[in-house]
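Q: Below is one structure. I have some questions about it.
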Amino acid sequence: MNTLQTIILALIQGFTEFLPVSSSAHLILPSKLIEDWPDQGLAFDIAVHVGTLMAVVIYFRKSLIRMAEDSLKFVFRRGKFTRSVELLFYVMMATVPAGLCGLAFKGVIETYLRSPLVIAGSTILFGLLLWAAEVYNRRTAAVAVTDSAAARNASGNSDAGSSLSEEVTGDAAGREINFRKAVLIGCAQALALIPGTSRSGITITAGYFLKLSPKAAAEFSFLMSIPVILLSALMMTKDVIFENHPFDLQSTLLGLVISFAVAYLVIKLFLDFLNRVGLLPYVIYRIVLGLFLFAVFWPK
């Protein structure tokens, strides 16, 4: 794999890991669409996954440190069961379904679900579901704002309200997630094992249907990605060690640096973009991509 291919794949991973468009599908497609495009290999996949993992850990470092400190204090009976401890528990619980499904169906997924037609179908299907979730979320949010305004007017406090944008700022995931929502979003995350689904897309979709604010759904999706990416990287590392996969140090390091930088920027911009624009651009992109793949790979 040459330097240009390394840069392209690292950019793809960095851009798509946290956007609702499926990073796994986008890493598969270049070798399917471009003749003589080599497979990047497991070592490179590990590097770009570690890069995106570093990005989300550094971005949420303050929340993660707080969760770790409060959890240790609680375990050793030196602190209370705070909201940070509770959020860490929910993140771990949400990881269980994807972890179990990944172990149980790893062979099936790699053998039967990496075809361009499967990617095309799942890209369109879950893109439409993402759009339906946003429509539902906007409607429930509008009803909530209307009810809140009515309650304030009834109490004579007309200037104490907050806009929708104000409702989705701050530590939203910590405020809005509970056990039931965490488990359901975790079950939805397991569907992301199907290439083309998008881990961030399906978890945000589930969060929207569970009436989380856009900020809370995105934050929890990002936090959930940490154990999932870590487990994925560890499983790939095991395969590299025991199956003697080729290893290119230069490509690996370059891929890690690029994927980290791009993923960090995407996380930073996506939260703001989600509030201002919403998910429709991603839905349109998914539909166009899916139709293109059907047109290219449908049997003649």
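The way I read the labels, and the way they are meant: chains A, B, ... in the order of the structure tokens, residue 1 as the first residue of every chain, and ligand 1 as the first ligand shown, with later ones counted on from there.
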Excluding same-chain residues fewer than 4 positions from segment 62-78 of chain A, what lies within 10 Å of it counting only C-alpha atoms, as a ChimeraX atom specification?
A: /A:57-58,82-89,171,174,223
Q: Give me the residues within 8 Å of segment 234-247 of chain A as a list in words, counting only C-alpha atoms and dropping any in the same chain fewer than 4 places off.
A: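 Returned residues: Gly41, Leu42, Ala43, Phe44, Ile46, Leu230 and Thr252 of chain A.
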Q: Could you write out the selected residues, including N, CA, C and O atoms, as a PDB file, in the first residue's frame?
A:
ATOM      1  N   GLY A  41      -4.988  -4.443   5.156  1.00  0.00           N
ATOM      2  CA  GLY A  41      -4.451  -5.346   6.166  1.00  0.00           C
ATOM      3  C   GLY A  41      -4.913  -5.002   7.569  1.00  0.00           C
ATOM      4  O   GLY A  41      -5.310  -3.873   7.862  1.00  0.00           O
ATOM      5  N   LEU A  42      -4.868  -5.995   8.453  1.00  0.00           N
ATOM      6  CA  LEU A  42      -5.360  -5.823   9.814  1.00  0.00           C
ATOM      7  C   LEU A  42      -4.531  -4.837  10.626  1.00  0.00           C
ATOM      8  O   LEU A  42      -5.059  -4.094  11.445  1.00  0.00           O
ATOM      9  N   ALA A  43      -3.212  -4.827  10.421  1.00  0.00           N
ATOM     10  CA  ALA A  43      -2.362  -3.924  11.193  1.00  0.00           C
ATOM     11  C   ALA A  43      -2.741  -2.465  10.948  1.00  0.00           C
ATOM     12  O   ALA A  43      -2.799  -1.647  11.884  1.00  0.00           O
ATOM     13  N   PHE A  44      -3.038  -2.136   9.695  1.00  0.00           N
ATOM     14  CA  PHE A  44      -3.445  -0.766   9.383  1.00  0.00           C
ATOM     15  C   PHE A  44      -4.813  -0.471   9.984  1.00  0.00           C
ATOM     16  O   PHE A  44      -5.048   0.631  10.500  1.00  0.00           O
ATOM     17  N   ILE A  46      -6.028  -1.683  12.680  1.00  0.00           N
ATOM     18  CA  ILE A  46      -5.803  -1.445  14.110  1.00  0.00           C
ATOM     19  C   ILE A  46      -5.317  -0.017  14.339  1.00  0.00           C
ATOM     20  O   ILE A  46      -5.795   0.689  15.233  1.00  0.00           O
ATOM     21  N   LEU A 230     -12.054  -0.160  21.396  1.00  0.00           N
ATOM     22  CA  LEU A 230     -10.972  -0.821  22.115  1.00  0.00           C
ATOM     23  C   LEU A 230     -11.054  -2.343  21.960  1.00  0.00           C
ATOM     24  O   LEU A 230     -10.050  -3.011  21.662  1.00  0.00           O
ATOM     25  N   THR A 252       1.411   2.335   9.080  1.00  0.00           N
ATOM     26  CA  THR A 252       0.677   2.214  10.340  1.00  0.00           C
ATOM     27  C   THR A 252       0.731   3.511  11.139  1.00  0.00           C
ATOM     28  O   THR A 252      -0.292   4.009  11.616  1.00  0.00           O
TER      29      THR A 252
END
Q: For Trp131 of chain A, find every residue with an atom within 10 Å (counting only C-alpha atoms), except residues of its own chain fewer than 2 positions away, and show them as a ChimeraX atom specification.
A: /A:126-129,133-137,205,278-284
Q: Write out as a PDB file with C-alpha atoms, in the first residue's frame which residues come within 10 Å of Ala10 of chain A when counting only C-alpha atoms, dropping same-chain ones fewer than 4 positions away.
A:
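And here's selection-v3.pdb as it stands now:
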ATOM      1  CA  LEU A   4      -1.493   8.051  -1.129  1.00  0.00           C
ATOM      2  CA  GLN A   5      -3.622   5.000  -0.360  1.00  0.00           C
ATOM      3  CA  THR A   6      -2.585   5.203   3.293  1.00  0.00           C
ATOM      4  CA  GLY A  14     -11.216   9.605  10.618  1.00  0.00           C
ATOM      5  CA  PHE A  15     -14.153  11.198   8.834  1.00  0.00           C
ATOM      6  CA  THR A  16     -16.592   8.305   9.027  1.00  0.00           C
ATOM      7  CA  LEU A  27     -13.011   1.079   4.354  1.00  0.00           C
ATOM      8  CA  PHE A  44      -3.445  -0.766   9.383  1.00  0.00           C
ATOM      9  CA  ASP A  45      -7.047  -1.256  10.521  1.00  0.00           C
ATOM     10  CA  ALA A  47      -3.782   1.754  13.681  1.00  0.00           C
ATOM     11  CA  VAL A  48      -6.654   3.864  12.345  1.00  0.00           C
ATOM     12  CA  HIS A  49      -9.023   2.470  14.975  1.00  0.00           C
ATOM     13  CA  GLY A  51      -6.296   6.851  16.163  1.00  0.00           C
ATOM     14  CA  THR A  52     -10.046   7.405  16.398  1.00  0.00           C
ATOM     15  CA  SER A 251       1.849   3.223   6.885  1.00  0.00           C
ATOM     16  CA  THR A 252       0.677   2.214  10.340  1.00  0.00           C
ATOM     17  CA  LEU A 254       0.886   7.657   9.299  1.00  0.00           C
ATOM     18  CA  GLY A 255      -2.590   6.154   9.399  1.00  0.00           C
ATOM     19  CA  LEU A 256      -2.779   6.511  13.179  1.00  0.00           C
ATOM     20  CA  VAL A 257      -1.783  10.196  13.155  1.00  0.00           C
ATOM     21  CA  ILE A 258      -4.135  11.180  10.321  1.00  0.00           C
ATOM     22  CA  SER A 259      -7.137   9.257  11.642  1.00  0.00           C
ATOM     23  CA  PHE A 260      -6.615  10.787  15.099  1.00  0.00           C
ATOM     24  CA  ALA A 261      -6.431  14.379  13.835  1.00  0.00           C
ATOM     25  CA  VAL A 262      -9.416  14.057  11.515  1.00  0.00           C
ATOM     26  CA  ALA A 263     -11.584  12.169  14.021  1.00  0.00           C
TER      27      ALA A 263
END
Q: Could you tell me, as an NGL selection string, which residues of segment 182-233 of chain A DSSP assigns to helix (DSSP H, G or I) when given the backbone?
A: :A and (182-193 or 199-209 or 214-233)
Q: Convert the current residue selection to file output with C-alpha atoms, as an mmCIF file, in the first residue's frame.
A:
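Contents of part_20.cif, as written:
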data_model
loop_
_atom_site.group_PDB
_atom_site.id
_atom_site.type_symbol
_atom_site.label_atom_id
_atom_site.label_comp_id
_atom_site.auth_asym_id
_atom_site.auth_seq_id
_atom_site.Cartn_x
_atom_site.Cartn_y
_atom_site.Cartn_z
ATOM 1 C CA ALA A 182 -28.713 2.397 27.769
ATOM 2 C CA VAL A 183 -29.599 -1.265 27.218
ATOM 3 C CA LEU A 184 -31.843 -0.522 24.240
ATOM 4 C CA ILE A 185 -29.223 1.690 22.602
ATOM 5 C CA GLY A 186 -26.660 -1.035 23.278
ATOM 6 C CA CYS A 187 -28.866 -3.601 21.518
ATOM 7 C CA ALA A 188 -29.178 -1.228 18.567
ATOM 8 C CA GLN A 189 -25.394 -0.850 18.505
ATOM 9 C CA ALA A 190 -25.076 -4.596 17.846
ATOM 10 C CA LEU A 191 -26.713 -4.027 14.445
ATOM 11 C CA ALA A 192 -23.674 -1.962 13.459
ATOM 12 C CA LEU A 193 -21.770 -5.230 13.011
ATOM 13 C CA ARG A 199 -22.420 2.419 14.706
ATOM 14 C CA SER A 200 -22.913 6.109 15.409
ATOM 15 C CA GLY A 201 -25.907 6.256 13.077
ATOM 16 C CA ILE A 202 -27.828 3.384 14.658
ATOM 17 C CA THR A 203 -27.079 4.487 18.227
ATOM 18 C CA ILE A 204 -28.190 8.054 17.505
ATOM 19 C CA THR A 205 -31.282 6.631 15.772
ATOM 20 C CA ALA A 206 -32.130 4.605 18.879
ATOM 21 C CA GLY A 207 -31.450 7.590 21.106
ATOM 22 C CA TYR A 208 -33.797 9.779 19.076
ATOM 23 C CA PHE A 209 -36.603 7.215 19.243
ATOM 24 C CA PRO A 214 -29.583 15.438 19.886
ATOM 25 C CA LYS A 215 -26.692 16.410 22.172
ATOM 26 C CA ALA A 216 -27.361 13.576 24.615
ATOM 27 C CA ALA A 217 -27.737 11.008 21.835
ATOM 28 C CA ALA A 218 -24.479 12.097 20.202
ATOM 29 C CA GLU A 219 -22.554 12.269 23.480
ATOM 30 C CA PHE A 220 -23.665 8.821 24.574
ATOM 31 C CA SER A 221 -22.890 7.434 21.118
ATOM 32 C CA PHE A 222 -19.359 8.842 21.330
ATOM 33 C CA LEU A 223 -18.819 7.516 24.861
ATOM 34 C CA MET A 224 -20.117 4.077 23.820
ATOM 35 C CA SER A 225 -17.573 4.006 21.010
ATOM 36 C CA ILE A 226 -14.636 3.862 23.450
ATOM 37 C CA PRO A 227 -15.056 0.292 24.746
ATOM 38 C CA VAL A 228 -16.317 -0.942 21.351
ATOM 39 C CA ILE A 229 -13.328 0.434 19.406
ATOM 40 C CA LEU A 230 -10.972 -0.821 22.115
ATOM 41 C CA LEU A 231 -12.426 -4.343 21.987
ATOM 42 C CA SER A 232 -12.331 -4.329 18.188
ATOM 43 C CA ALA A 233 -8.688 -3.252 18.156
#
Q: Pick from A:Gly79, A:Ala141, A:Phe60, A:Ile28: nearest to Ala173 of chain A, with only C-alpha atoms counted?
A: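 Closest residue, counting only C-alpha atoms: A:Phe60.
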Q: Can you tell me which residues surround Ile124 of chain A at a distance of at most 9 Å, considering only C-alpha atoms, apart from same-chain residues fewer than 3 positions away, and format the answer as number ranges by chain?
A: A: 119-121, 127-129, 196-197, 283, 286-291
Q: Please provide as a ChimeraX atom specification all residues within 8 Å of Arg114 of chain A, with the sequence filter that same-chain residues fewer than 4 positions apart are discarded (counting only C-alpha atoms).
A: /A:25,28,109-110,118-119,194-195
